[in-house]
>>> print(open('coords_8.pdb').read())   # PDB, C-alpha atoms
ATOM      1  CA  MET A  44       0.000   0.000   0.000  1.00  0.00           C
ATOM      2  CA  PRO A  45       1.518   3.367  -0.985  1.00  0.00           C
ATOM      3  CA  ARG A  46       2.542   5.653   1.841  1.00  0.00           C
ATOM      4  CA  THR A  47       3.203   9.389   1.937  1.00  0.00           C
ATOM      5  CA  ARG A  48       4.301  11.788   4.638  1.00  0.00           C
ATOM      6  CA  ILE A  49       2.846  14.998   6.008  1.00  0.00           C
ATOM      7  CA  PRO A  50       5.004  17.919   4.737  1.00  0.00           C
ATOM      8  CA  LYS A  51       8.024  18.507   6.954  1.00  0.00           C
ATOM      9  CA  ASP A  52       7.293  22.194   7.496  1.00  0.00           C
ATOM     10  CA  ARG A  53       3.831  21.411   8.865  1.00  0.00           C
ATOM     11  CA  VAL A  54       5.226  18.734  11.167  1.00  0.00           C
ATOM     12  CA  ALA A  55       7.929  21.097  12.402  1.00  0.00           C
ATOM     13  CA  ALA A  56       5.361  23.801  13.124  1.00  0.00           C
ATOM     14  CA  ALA A  57       3.212  21.312  15.025  1.00  0.00           C
ATOM     15  CA  VAL A  58       6.080  20.029  17.144  1.00  0.00           C
ATOM     16  CA  ARG A  59       7.240  23.568  17.965  1.00  0.00           C
ATOM     17  CA  HIS A  60       3.718  24.498  19.019  1.00  0.00           C
ATOM     18  CA  LEU A  61       3.289  21.458  21.268  1.00  0.00           C
ATOM     19  CA  ARG A  62       6.679  21.897  22.899  1.00  0.00           C
ATOM     20  CA  ARG A  63       5.979  25.557  23.578  1.00  0.00           C
ATOM     21  CA  ARG A  64       2.403  25.216  24.837  1.00  0.00           C
ATOM     22  CA  ASP A  65       2.562  22.071  26.966  1.00  0.00           C
ATOM     23  CA  PRO A  66       5.505  21.059  29.213  1.00  0.00           C
ATOM     24  CA  VAL A  67       4.204  17.500  29.479  1.00  0.00           C
ATOM     25  CA  MET A  68       3.996  17.196  25.736  1.00  0.00           C
ATOM     26  CA  ARG A  69       7.500  18.662  25.443  1.00  0.00           C
ATOM     27  CA  GLU A  70       8.875  15.903  27.666  1.00  0.00           C
ATOM     28  CA  THR A  71       6.899  13.287  25.745  1.00  0.00           C
ATOM     29  CA  ILE A  72       8.272  14.496  22.412  1.00  0.00           C
ATOM     30  CA  GLU A  73      11.805  14.345  23.766  1.00  0.00           C
ATOM     31  CA  ALA A  74      11.235  10.800  25.023  1.00  0.00           C
ATOM     32  CA  VAL A  75       9.547   9.467  21.874  1.00  0.00           C
ATOM     33  CA  GLY A  76      11.661  11.236  19.275  1.00  0.00           C
ATOM     34  CA  PRO A  77      10.825  12.434  15.742  1.00  0.00           C
ATOM     35  CA  PHE A  78       7.293  12.339  14.367  1.00  0.00           C
ATOM     36  CA  THR A  79       7.387   9.515  11.814  1.00  0.00           C
ATOM     37  CA  LEU A  80       3.741   9.034  10.832  1.00  0.00           C
ATOM     38  CA  ARG A  81       3.330   7.799   7.254  1.00  0.00           C
ATOM     39  CA  LEU A  82      -0.061   8.160   5.607  1.00  0.00           C
ATOM     40  CA  HIS A  83      -2.018   5.346   3.969  1.00  0.00           C
ATOM     41  CA  GLY A  84      -2.458   6.291   0.317  1.00  0.00           C
ATOM     42  CA  ASP A  85      -5.145   3.821  -0.789  1.00  0.00           C
ATOM     43  CA  ARG A  86      -8.321   5.205   0.734  1.00  0.00           C
ATOM     44  CA  PHE A  87     -10.650   2.344  -0.133  1.00  0.00           C
ATOM     45  CA  CYS A  88      -8.239  -0.381   0.960  1.00  0.00           C
ATOM     46  CA  THR A  89      -7.634   1.472   4.216  1.00  0.00           C
ATOM     47  CA  LEU A  90     -11.343   1.347   5.012  1.00  0.00           C
ATOM     48  CA  VAL A  91     -11.488  -2.350   4.098  1.00  0.00           C
ATOM     49  CA  ARG A  92      -8.592  -3.026   6.443  1.00  0.00           C
ATOM     50  CA  SER A  93     -10.264  -1.002   9.208  1.00  0.00           C
ATOM     51  CA  ILE A  94     -13.423  -3.096   8.919  1.00  0.00           C
ATOM     52  CA  LEU A  95     -11.513  -6.386   8.856  1.00  0.00           C
ATOM     53  CA  ALA A  96      -9.457  -5.396  11.919  1.00  0.00           C
ATOM     54  CA  GLN A  97     -12.419  -4.709  14.202  1.00  0.00           C
ATOM     55  CA  GLN A  98     -12.413  -6.718  17.441  1.00  0.00           C
ATOM     56  CA  ILE A  99      -9.673  -9.153  16.386  1.00  0.00           C
ATOM     57  CA  SER A 100      -5.918  -9.263  16.894  1.00  0.00           C
ATOM     58  CA  THR A 101      -3.525  -7.495  14.551  1.00  0.00           C
ATOM     59  CA  ALA A 102      -2.080 -10.829  13.433  1.00  0.00           C
ATOM     60  CA  ALA A 103      -5.529 -12.237  12.630  1.00  0.00           C
ATOM     61  CA  ALA A 104      -6.484  -9.098  10.711  1.00  0.00           C
ATOM     62  CA  ARG A 105      -3.306  -9.285   8.625  1.00  0.00           C
ATOM     63  CA  SER A 106      -3.969 -12.936   7.846  1.00  0.00           C
ATOM     64  CA  ILE A 107      -7.525 -12.252   6.690  1.00  0.00           C
ATOM     65  CA  LEU A 108      -6.447  -9.243   4.640  1.00  0.00           C
ATOM     66  CA  ALA A 109      -3.796 -11.343   2.908  1.00  0.00           C
ATOM     67  CA  LYS A 110      -6.409 -13.973   2.042  1.00  0.00           C
ATOM     68  CA  VAL A 111      -8.778 -11.346   0.667  1.00  0.00           C
ATOM     69  CA  GLU A 112      -5.936  -9.911  -1.413  1.00  0.00           C
ATOM     70  CA  ALA A 113      -5.220 -13.382  -2.760  1.00  0.00           C
ATOM     71  CA  ALA A 114      -8.901 -13.856  -3.585  1.00  0.00           C
ATOM     72  CA  VAL A 115      -9.166 -10.665  -5.648  1.00  0.00           C
ATOM     73  CA  GLY A 116      -5.890 -11.369  -7.451  1.00  0.00           C
ATOM     74  CA  GLU A 117      -3.651  -8.970  -9.327  1.00  0.00           C
ATOM     75  CA  THR A 118      -6.259  -6.223  -9.562  1.00  0.00           C
ATOM     76  CA  GLY A 119      -5.894  -5.609  -5.830  1.00  0.00           C
ATOM     77  CA  ILE A 120      -8.641  -4.600  -3.432  1.00  0.00           C
ATOM     78  CA  THR A 121     -11.006  -2.218  -5.219  1.00  0.00           C
ATOM     79  CA  PRO A 122     -14.766  -1.711  -5.067  1.00  0.00           C
ATOM     80  CA  GLU A 123     -15.067  -3.664  -8.309  1.00  0.00           C
ATOM     81  CA  SER A 124     -12.857  -6.568  -7.286  1.00  0.00           C
ATOM     82  CA  LEU A 125     -14.593  -6.957  -3.936  1.00  0.00           C
ATOM     83  CA  ASP A 126     -17.995  -6.743  -5.569  1.00  0.00           C
ATOM     84  CA  ALA A 127     -16.996  -9.592  -7.857  1.00  0.00           C
ATOM     85  CA  LEU A 128     -16.345 -11.907  -4.903  1.00  0.00           C
ATOM     86  CA  ARG A 129     -19.142 -14.057  -3.578  1.00  0.00           C
ATOM     87  CA  ASP A 130     -20.010 -13.989   0.099  1.00  0.00           C
ATOM     88  CA  GLY A 131     -18.643 -17.523   0.289  1.00  0.00           C
ATOM     89  CA  ASP A 132     -15.293 -16.359  -1.041  1.00  0.00           C
ATOM     90  CA  LEU A 133     -15.057 -13.791   1.727  1.00  0.00           C
ATOM     91  CA  ARG A 134     -16.153 -16.298   4.345  1.00  0.00           C
ATOM     92  CA  THR A 135     -13.449 -18.705   3.134  1.00  0.00           C
ATOM     93  CA  ALA A 136     -10.929 -15.891   3.617  1.00  0.00           C
ATOM     94  CA  GLY A 137     -12.011 -15.670   7.251  1.00  0.00           C
ATOM     95  CA  VAL A 138     -14.364 -12.678   7.063  1.00  0.00           C
ATOM     96  CA  SER A 139     -17.227 -12.996   9.531  1.00  0.00           C
ATOM     97  CA  PRO A 140     -20.825 -12.813   8.217  1.00  0.00           C
ATOM     98  CA  GLN A 141     -21.302  -9.442   9.930  1.00  0.00           C
ATOM     99  CA  LYS A 142     -18.176  -7.989   8.329  1.00  0.00           C
ATOM    100  CA  VAL A 143     -19.197  -9.385   4.938  1.00  0.00           C
ATOM    101  CA  GLY A 144     -22.248  -7.150   5.291  1.00  0.00           C
ATOM    102  CA  TYR A 145     -20.054  -4.216   6.244  1.00  0.00           C
ATOM    103  CA  LEU A 146     -17.839  -4.741   3.191  1.00  0.00           C
ATOM    104  CA  ARG A 147     -20.919  -4.934   0.950  1.00  0.00           C
ATOM    105  CA  SER A 148     -22.109  -1.625   2.378  1.00  0.00           C
ATOM    106  CA  LEU A 149     -18.701  -0.053   1.783  1.00  0.00           C
ATOM    107  CA  VAL A 150     -18.617  -1.315  -1.811  1.00  0.00           C
ATOM    108  CA  GLU A 151     -22.136  -0.001  -2.443  1.00  0.00           C
ATOM    109  CA  HIS A 152     -21.308   3.479  -1.151  1.00  0.00           C
ATOM    110  CA  ALA A 153     -18.013   3.547  -3.045  1.00  0.00           C
ATOM    111  CA  ARG A 154     -19.506   2.412  -6.354  1.00  0.00           C
ATOM    112  CA  ASP A 155     -22.589   4.639  -6.330  1.00  0.00           C
ATOM    113  CA  GLY A 156     -20.441   7.710  -5.677  1.00  0.00           C
ATOM    114  CA  SER A 157     -22.077   8.630  -2.378  1.00  0.00           C
ATOM    115  CA  LEU A 158     -18.827   8.114  -0.477  1.00  0.00           C
ATOM    116  CA  GLY A 159     -16.768  10.196  -2.897  1.00  0.00           C
ATOM    117  CA  LEU A 160     -13.373   8.809  -1.874  1.00  0.00           C
ATOM    118  CA  ARG A 161     -11.557  10.618  -4.684  1.00  0.00           C
ATOM    119  CA  THR A 162     -12.684  14.010  -3.446  1.00  0.00           C
ATOM    120  CA  ILE A 163     -13.319  13.309   0.229  1.00  0.00           C
ATOM    121  CA  GLY A 164     -10.081  15.081   1.130  1.00  0.00           C
ATOM    122  CA  ARG A 165     -11.686  18.389   0.150  1.00  0.00           C
ATOM    123  CA  LYS A 166     -14.302  18.076   2.878  1.00  0.00           C
ATOM    124  CA  SER A 167     -14.100  19.389   6.418  1.00  0.00           C
ATOM    125  CA  ASP A 168     -13.322  16.945   9.221  1.00  0.00           C
ATOM    126  CA  ALA A 169     -16.974  16.924  10.289  1.00  0.00           C
ATOM    127  CA  ASP A 170     -18.201  16.268   6.759  1.00  0.00           C
ATOM    128  CA  VAL A 171     -15.687  13.451   6.259  1.00  0.00           C
ATOM    129  CA  ILE A 172     -16.953  11.778   9.415  1.00  0.00           C
ATOM    130  CA  ALA A 173     -20.572  12.283   8.353  1.00  0.00           C
ATOM    131  CA  SER A 174     -19.839  10.660   4.982  1.00  0.00           C
ATOM    132  CA  LEU A 175     -17.995   7.665   6.401  1.00  0.00           C
ATOM    133  CA  VAL A 176     -20.420   6.767   9.184  1.00  0.00           C
ATOM    134  CA  ARG A 177     -23.151   6.191   6.579  1.00  0.00           C
ATOM    135  CA  VAL A 178     -21.332   2.949   5.804  1.00  0.00           C
ATOM    136  CA  LYS A 179     -22.373   0.023   8.000  1.00  0.00           C
ATOM    137  CA  GLY A 180     -19.528  -0.945  10.315  1.00  0.00           C
ATOM    138  CA  ILE A 181     -17.789   2.437  10.217  1.00  0.00           C
ATOM    139  CA  GLY A 182     -18.200   4.554  13.326  1.00  0.00           C
ATOM    140  CA  VAL A 183     -16.801   7.856  14.489  1.00  0.00           C
ATOM    141  CA  TRP A 184     -13.573   6.319  15.815  1.00  0.00           C
ATOM    142  CA  THR A 185     -12.803   4.630  12.478  1.00  0.00           C
ATOM    143  CA  ALA A 186     -13.594   7.866  10.669  1.00  0.00           C
ATOM    144  CA  GLN A 187     -11.221   9.771  12.971  1.00  0.00           C
ATOM    145  CA  MET A 188      -8.453   7.249  12.280  1.00  0.00           C
ATOM    146  CA  PHE A 189      -9.091   7.788   8.562  1.00  0.00           C
ATOM    147  CA  LEU A 190      -8.749  11.545   9.050  1.00  0.00           C
ATOM    148  CA  ILE A 191      -5.418  11.148  10.844  1.00  0.00           C
ATOM    149  CA  PHE A 192      -3.749   8.232   9.098  1.00  0.00           C
ATOM    150  CA  THR A 193      -5.093   8.613   5.556  1.00  0.00           C
ATOM    151  CA  LEU A 194      -5.952  12.278   5.016  1.00  0.00           C
ATOM    152  CA  GLY A 195      -3.244  13.631   7.320  1.00  0.00           C
ATOM    153  CA  ARG A 196      -5.539  15.987   9.212  1.00  0.00           C
ATOM    154  CA  LEU A 197      -3.594  17.608  12.026  1.00  0.00           C
ATOM    155  CA  ASP A 198      -6.263  18.608  14.539  1.00  0.00           C
ATOM    156  CA  VAL A 199      -8.226  15.445  15.318  1.00  0.00           C
ATOM    157  CA  LEU A 200      -8.701  14.406  18.956  1.00  0.00           C
ATOM    158  CA  PRO A 201     -10.109  10.852  19.279  1.00  0.00           C
ATOM    159  CA  VAL A 202     -11.258  11.245  22.870  1.00  0.00           C
ATOM    160  CA  ASP A 203     -12.983   7.848  22.904  1.00  0.00           C
ATOM    161  CA  ASP A 204      -9.767   6.016  22.048  1.00  0.00           C
ATOM    162  CA  LEU A 205      -8.569   3.997  25.036  1.00  0.00           C
ATOM    163  CA  GLY A 206      -4.910   4.555  24.135  1.00  0.00           C
ATOM    164  CA  ILE A 207      -5.417   8.316  24.201  1.00  0.00           C
ATOM    165  CA  ARG A 208      -7.251   8.258  27.513  1.00  0.00           C
ATOM    166  CA  ALA A 209      -4.668   5.925  29.063  1.00  0.00           C
ATOM    167  CA  GLY A 210      -1.860   8.131  27.796  1.00  0.00           C
ATOM    168  CA  VAL A 211      -3.432  11.244  29.261  1.00  0.00           C
ATOM    169  CA  ARG A 212      -3.934   9.486  32.588  1.00  0.00           C
ATOM    170  CA  ARG A 213      -0.333   8.247  32.681  1.00  0.00           C
ATOM    171  CA  LEU A 214       1.440  11.384  31.501  1.00  0.00           C
ATOM    172  CA  TYR A 215      -0.706  13.924  33.343  1.00  0.00           C
ATOM    173  CA  GLY A 216      -0.797  12.015  36.629  1.00  0.00           C
ATOM    174  CA  LEU A 217      -4.537  11.409  36.852  1.00  0.00           C
ATOM    175  CA  ASP A 218      -6.002   8.890  39.286  1.00  0.00           C
ATOM    176  CA  GLU A 219      -8.538   7.571  36.776  1.00  0.00           C
ATOM    177  CA  LEU A 220      -9.084   7.515  33.041  1.00  0.00           C
ATOM    178  CA  PRO A 221     -10.241  10.974  31.982  1.00  0.00           C
ATOM    179  CA  ASN A 222     -13.690  11.473  30.519  1.00  0.00           C
ATOM    180  CA  ARG A 223     -14.382  13.327  27.271  1.00  0.00           C
ATOM    181  CA  ARG A 224     -14.547  16.758  28.900  1.00  0.00           C
ATOM    182  CA  GLU A 225     -11.308  16.247  30.833  1.00  0.00           C
ATOM    183  CA  CYS A 226      -9.507  15.070  27.699  1.00  0.00           C
ATOM    184  CA  GLU A 227     -10.693  18.090  25.758  1.00  0.00           C
ATOM    185  CA  GLU A 228      -9.608  20.471  28.520  1.00  0.00           C
ATOM    186  CA  ILE A 229      -6.124  18.953  28.717  1.00  0.00           C
ATOM    187  CA  ALA A 230      -5.881  18.953  24.921  1.00  0.00           C
ATOM    188  CA  GLU A 231      -6.873  22.591  24.488  1.00  0.00           C
ATOM    189  CA  PRO A 232      -3.211  23.798  24.369  1.00  0.00           C
ATOM    190  CA  TRP A 233      -2.519  21.263  21.613  1.00  0.00           C
ATOM    191  CA  ARG A 234      -4.880  22.904  19.160  1.00  0.00           C
ATOM    192  CA  PRO A 235      -4.604  23.084  16.154  1.00  0.00           C
ATOM    193  CA  TYR A 236      -2.299  20.042  16.255  1.00  0.00           C
ATOM    194  CA  ALA A 237      -4.252  17.515  18.343  1.00  0.00           C
ATOM    195  CA  SER A 238      -3.524  14.721  15.855  1.00  0.00           C
ATOM    196  CA  VAL A 239       0.215  15.113  16.342  1.00  0.00           C
ATOM    197  CA  ALA A 240      -0.185  15.169  20.119  1.00  0.00           C
ATOM    198  CA  SER A 241      -2.375  12.056  19.878  1.00  0.00           C
ATOM    199  CA  TRP A 242       0.306  10.268  17.882  1.00  0.00           C
ATOM    200  CA  TYR A 243       2.845  11.058  20.606  1.00  0.00           C
ATOM    201  CA  LEU A 244       0.454   9.754  23.246  1.00  0.00           C
ATOM    202  CA  TRP A 245       0.089   6.470  21.360  1.00  0.00           C
ATOM    203  CA  ARG A 246       3.837   6.132  20.868  1.00  0.00           C
ATOM    204  CA  SER A 247       4.566   6.989  24.510  1.00  0.00           C
ATOM    205  CA  GLY A 248       2.709   3.851  25.497  1.00  0.00           C
ATOM    206  CA  ASP A 249       5.344   1.796  23.657  1.00  0.00           C
ATOM    207  CA  LEU A 250       8.198   3.197  25.726  1.00  0.00           C
ATOM    208  CA  LYS A 251       9.663   1.212  28.596  1.00  0.00           C
ATOM    209  CA  THR A 252       8.917   2.711  31.969  1.00  0.00           C
TER     210      THR A 252
END
>>> encode(input="coords_8.pdb", output="structure tokens")
Amino acid sequence: MPRTRIPKDRVAAAVRHLRRRDPVMRETIEAVGPFTLRLHGDRFCTLVRSILAQQISTAAARSILAKVEAAVGETGITPESLDALRDGDLRTAGVSPQKVGYLRSLVEHARDGSLGLRTIGRKSDADVIASLVRVKGIGVWTAQMFLIFTLGRLDVLPVDDLGIRAGVRRLYGLDELPNRRECEEIAEPWRPYASVASWYLWRSGDLKT
């Protein structure tokens, strides 16, 4: 899957802002190191992978994705190639009946133009989310991940993400996981670069204590 990077000057501006506005974030940036997020270029395949990965391990999701890729052949995963597969083909690849329905919904919205993946990057964050959640199996969290990791939007705060809440609790010395309001209050100095701060929170969880 092709990958691109957010322009270096925008990343540098974001990191400078976070370091200046939030001492905790400054320490986190120093501990984690450079911002190395690479964007997913194939928008449709990214959504397919997001659906397949729901509620299963990373290893299992990769295995199923590989089998689906093998089933569609050299054309790769596209709305047309997925539409050509029978439900039984997807089930043989390990896709659950519920997720088969989700993939059918995604294909339908992609093929009838209502999803508008080619031009979705021109929409506001709110409109992107509104477009994506029309697809069965895609919720707000998945749409936010699409904004960050596919469209490269810099000011997304996924407050319902457990990794974000756990990171805020750990780094800001809270007794309990913060609720939505508490996360938003702590994140206010991060604006307009909440996505970059979120990435550092996720990566900080990988560091050894």
>>> closest_residue(input="coords_8.pdb", among="A:Thr101, A:Ser148, A:Ser238, A:Gln141", to="Pro122 in chain A", atoms="all atoms listed in the file")
A:Ser148
>>> residues_around(input="coords_8.pdb", residues="range 67-81 of chain A", least_positions_apart="3", cutoff="8 Å", atoms="only C-alpha atoms", output="number ranges by chain")
A: 46-49, 54, 58, 61-63, 192, 214-215, 239-240, 242-244, 246-247, 250
>>> resolve_selection(input="coords_8.pdb", expression="the PyMOL selection byres ((chain A and resi 182) around 12)", output="PyMOL selection string")
chain A and resi 90+93-94+97+145+171-181+183-189+201+203
>>> resolve_selection(input="coords_8.pdb", expression="the PyMOL selection byres ((chain A and resi 161-165) around 9)", output="ChimeraX atom specification")
/A:86,158-160,166-168,170-171,174,190,194
>>> closest_residue(input="coords_8.pdb", among="A:Gly248, A:Gly195, A:Gly131, A:Gly137", to="Ala96 in chain A", atoms="all atoms listed in the file")
A:Gly137
>>> atom_distance(input="coords_8.pdb", atom1="CA of Ser241 in chain A", atom2="CA of Leu108 in chain A")
26.5 Å
>>> residues_around(input="coords_8.pdb", residues="Val143 in chain A", least_positions_apart="2", cutoff="12 Å", atoms="all atoms listed in the file", output="ChimeraX atom specification")
/A:91,94-95,111,125-126,128-141,145-150,179-180
>>> write_last_selection(input="coords_8.pdb", atoms="C-alpha atoms", output="PDB file, keeping the file's coordinate frame")
ATOM      1  CA  VAL A  91     -11.488  -2.350   4.098  1.00  0.00           C
ATOM      2  CA  ILE A  94     -13.423  -3.096   8.919  1.00  0.00           C
ATOM      3  CA  LEU A  95     -11.513  -6.386   8.856  1.00  0.00           C
ATOM      4  CA  VAL A 111      -8.778 -11.346   0.667  1.00  0.00           C
ATOM      5  CA  LEU A 125     -14.593  -6.957  -3.936  1.00  0.00           C
ATOM      6  CA  ASP A 126     -17.995  -6.743  -5.569  1.00  0.00           C
ATOM      7  CA  LEU A 128     -16.345 -11.907  -4.903  1.00  0.00           C
ATOM      8  CA  ARG A 129     -19.142 -14.057  -3.578  1.00  0.00           C
ATOM      9  CA  ASP A 130     -20.010 -13.989   0.099  1.00  0.00           C
ATOM     10  CA  GLY A 131     -18.643 -17.523   0.289  1.00  0.00           C
ATOM     11  CA  ASP A 132     -15.293 -16.359  -1.041  1.00  0.00           C
ATOM     12  CA  LEU A 133     -15.057 -13.791   1.727  1.00  0.00           C
ATOM     13  CA  ARG A 134     -16.153 -16.298   4.345  1.00  0.00           C
ATOM     14  CA  THR A 135     -13.449 -18.705   3.134  1.00  0.00           C
ATOM     15  CA  ALA A 136     -10.929 -15.891   3.617  1.00  0.00           C
ATOM     16  CA  GLY A 137     -12.011 -15.670   7.251  1.00  0.00           C
ATOM     17  CA  VAL A 138     -14.364 -12.678   7.063  1.00  0.00           C
ATOM     18  CA  SER A 139     -17.227 -12.996   9.531  1.00  0.00           C
ATOM     19  CA  PRO A 140     -20.825 -12.813   8.217  1.00  0.00           C
ATOM     20  CA  GLN A 141     -21.302  -9.442   9.930  1.00  0.00           C
ATOM     21  CA  TYR A 145     -20.054  -4.216   6.244  1.00  0.00           C
ATOM     22  CA  LEU A 146     -17.839  -4.741   3.191  1.00  0.00           C
ATOM     23  CA  ARG A 147     -20.919  -4.934   0.950  1.00  0.00           C
ATOM     24  CA  SER A 148     -22.109  -1.625   2.378  1.00  0.00           C
ATOM     25  CA  LEU A 149     -18.701  -0.053   1.783  1.00  0.00           C
ATOM     26  CA  VAL A 150     -18.617  -1.315  -1.811  1.00  0.00           C
ATOM     27  CA  LYS A 179     -22.373   0.023   8.000  1.00  0.00           C
ATOM     28  CA  GLY A 180     -19.528  -0.945  10.315  1.00  0.00           C
TER      29      GLY A 180
END
>>> closest_residue(input="coords_8.pdb", among="A:Leu197, A:Ala102, A:Ala113, A:Ala169", to="Ala56 in chain A", atoms="all atoms listed in the file")
A:Leu197
>>> residues_around(input="coords_8.pdb", residues="Pro232 in chain A", least_positions_apart="5", cutoff="9 Å", atoms="all atoms listed in the file", output="list in words")
His60, Leu61, Arg64, Asp65 and Ala237 of chain A
>>> write_last_selection(input="coords_8.pdb", atoms="C-alpha atoms", output="PDB file, in the frame of the given file")
ATOM      1  CA  HIS A  60       3.718  24.498  19.019  1.00  0.00           C
ATOM      2  CA  LEU A  61       3.289  21.458  21.268  1.00  0.00           C
ATOM      3  CA  ARG A  64       2.403  25.216  24.837  1.00  0.00           C
ATOM      4  CA  ASP A  65       2.562  22.071  26.966  1.00  0.00           C
ATOM      5  CA  ALA A 237      -4.252  17.515  18.343  1.00  0.00           C
TER       6      ALA A 237
END
>>> atom_distance(input="coords_8.pdb", atom1="CA of Gly84 in chain A", atom2="CA of Ile120 in chain A")
13.1 Å
>>> decode(input="coords_8.pdb", residues="range 96-110 of chain A", atoms="N, CA and C atoms", output="tab-separated table (two decimals), in the first residue's frame")
chain	number	residue	atom	x	y	z
A	96	ALA	N	-10.24	-5.38	10.68
A	96	ALA	CA	-9.46	-5.40	11.92
A	96	ALA	C	-10.30	-5.24	13.18
A	97	GLN	N	-11.58	-4.96	13.03
A	97	GLN	CA	-12.42	-4.71	14.20
A	97	GLN	C	-12.52	-5.94	15.10
A	98	GLN	N	-12.20	-5.73	16.37
A	98	GLN	CA	-12.41	-6.72	17.44
A	98	GLN	C	-11.63	-8.02	17.26
A	99	ILE	N	-10.55	-7.99	16.49
A	99	ILE	CA	-9.67	-9.15	16.39
A	99	ILE	C	-8.23	-8.68	16.52
A	100	SER	N	-7.32	-9.62	16.72
A	100	SER	CA	-5.92	-9.26	16.89
A	100	SER	C	-5.32	-8.74	15.60
A	101	THR	N	-4.22	-8.01	15.73
A	101	THR	CA	-3.52	-7.49	14.55
A	101	THR	C	-3.08	-8.62	13.64
A	102	ALA	N	-2.56	-9.70	14.23
A	102	ALA	CA	-2.08	-10.83	13.43
A	102	ALA	C	-3.22	-11.47	12.65
A	103	ALA	N	-4.38	-11.65	13.31
A	103	ALA	CA	-5.53	-12.24	12.63
A	103	ALA	C	-6.02	-11.34	11.50
A	104	ALA	N	-6.04	-10.03	11.74
A	104	ALA	CA	-6.48	-9.10	10.71
A	104	ALA	C	-5.56	-9.15	9.50
A	105	ARG	N	-4.26	-9.21	9.73
A	105	ARG	CA	-3.31	-9.28	8.62
A	105	ARG	C	-3.50	-10.56	7.82
A	106	SER	N	-3.76	-11.65	8.51
A	106	SER	CA	-3.97	-12.94	7.85
A	106	SER	C	-5.20	-12.89	6.95
A	107	ILE	N	-6.29	-12.34	7.47
A	107	ILE	CA	-7.52	-12.25	6.69
A	107	ILE	C	-7.35	-11.32	5.50
A	108	LEU	N	-6.69	-10.18	5.73
A	108	LEU	CA	-6.45	-9.24	4.64
A	108	LEU	C	-5.64	-9.90	3.53
A	109	ALA	N	-4.62	-10.66	3.90
A	109	ALA	CA	-3.80	-11.34	2.91
A	109	ALA	C	-4.62	-12.33	2.09
A	110	LYS	N	-5.56	-13.01	2.74
A	110	LYS	CA	-6.41	-13.97	2.04
A	110	LYS	C	-7.38	-13.27	1.11
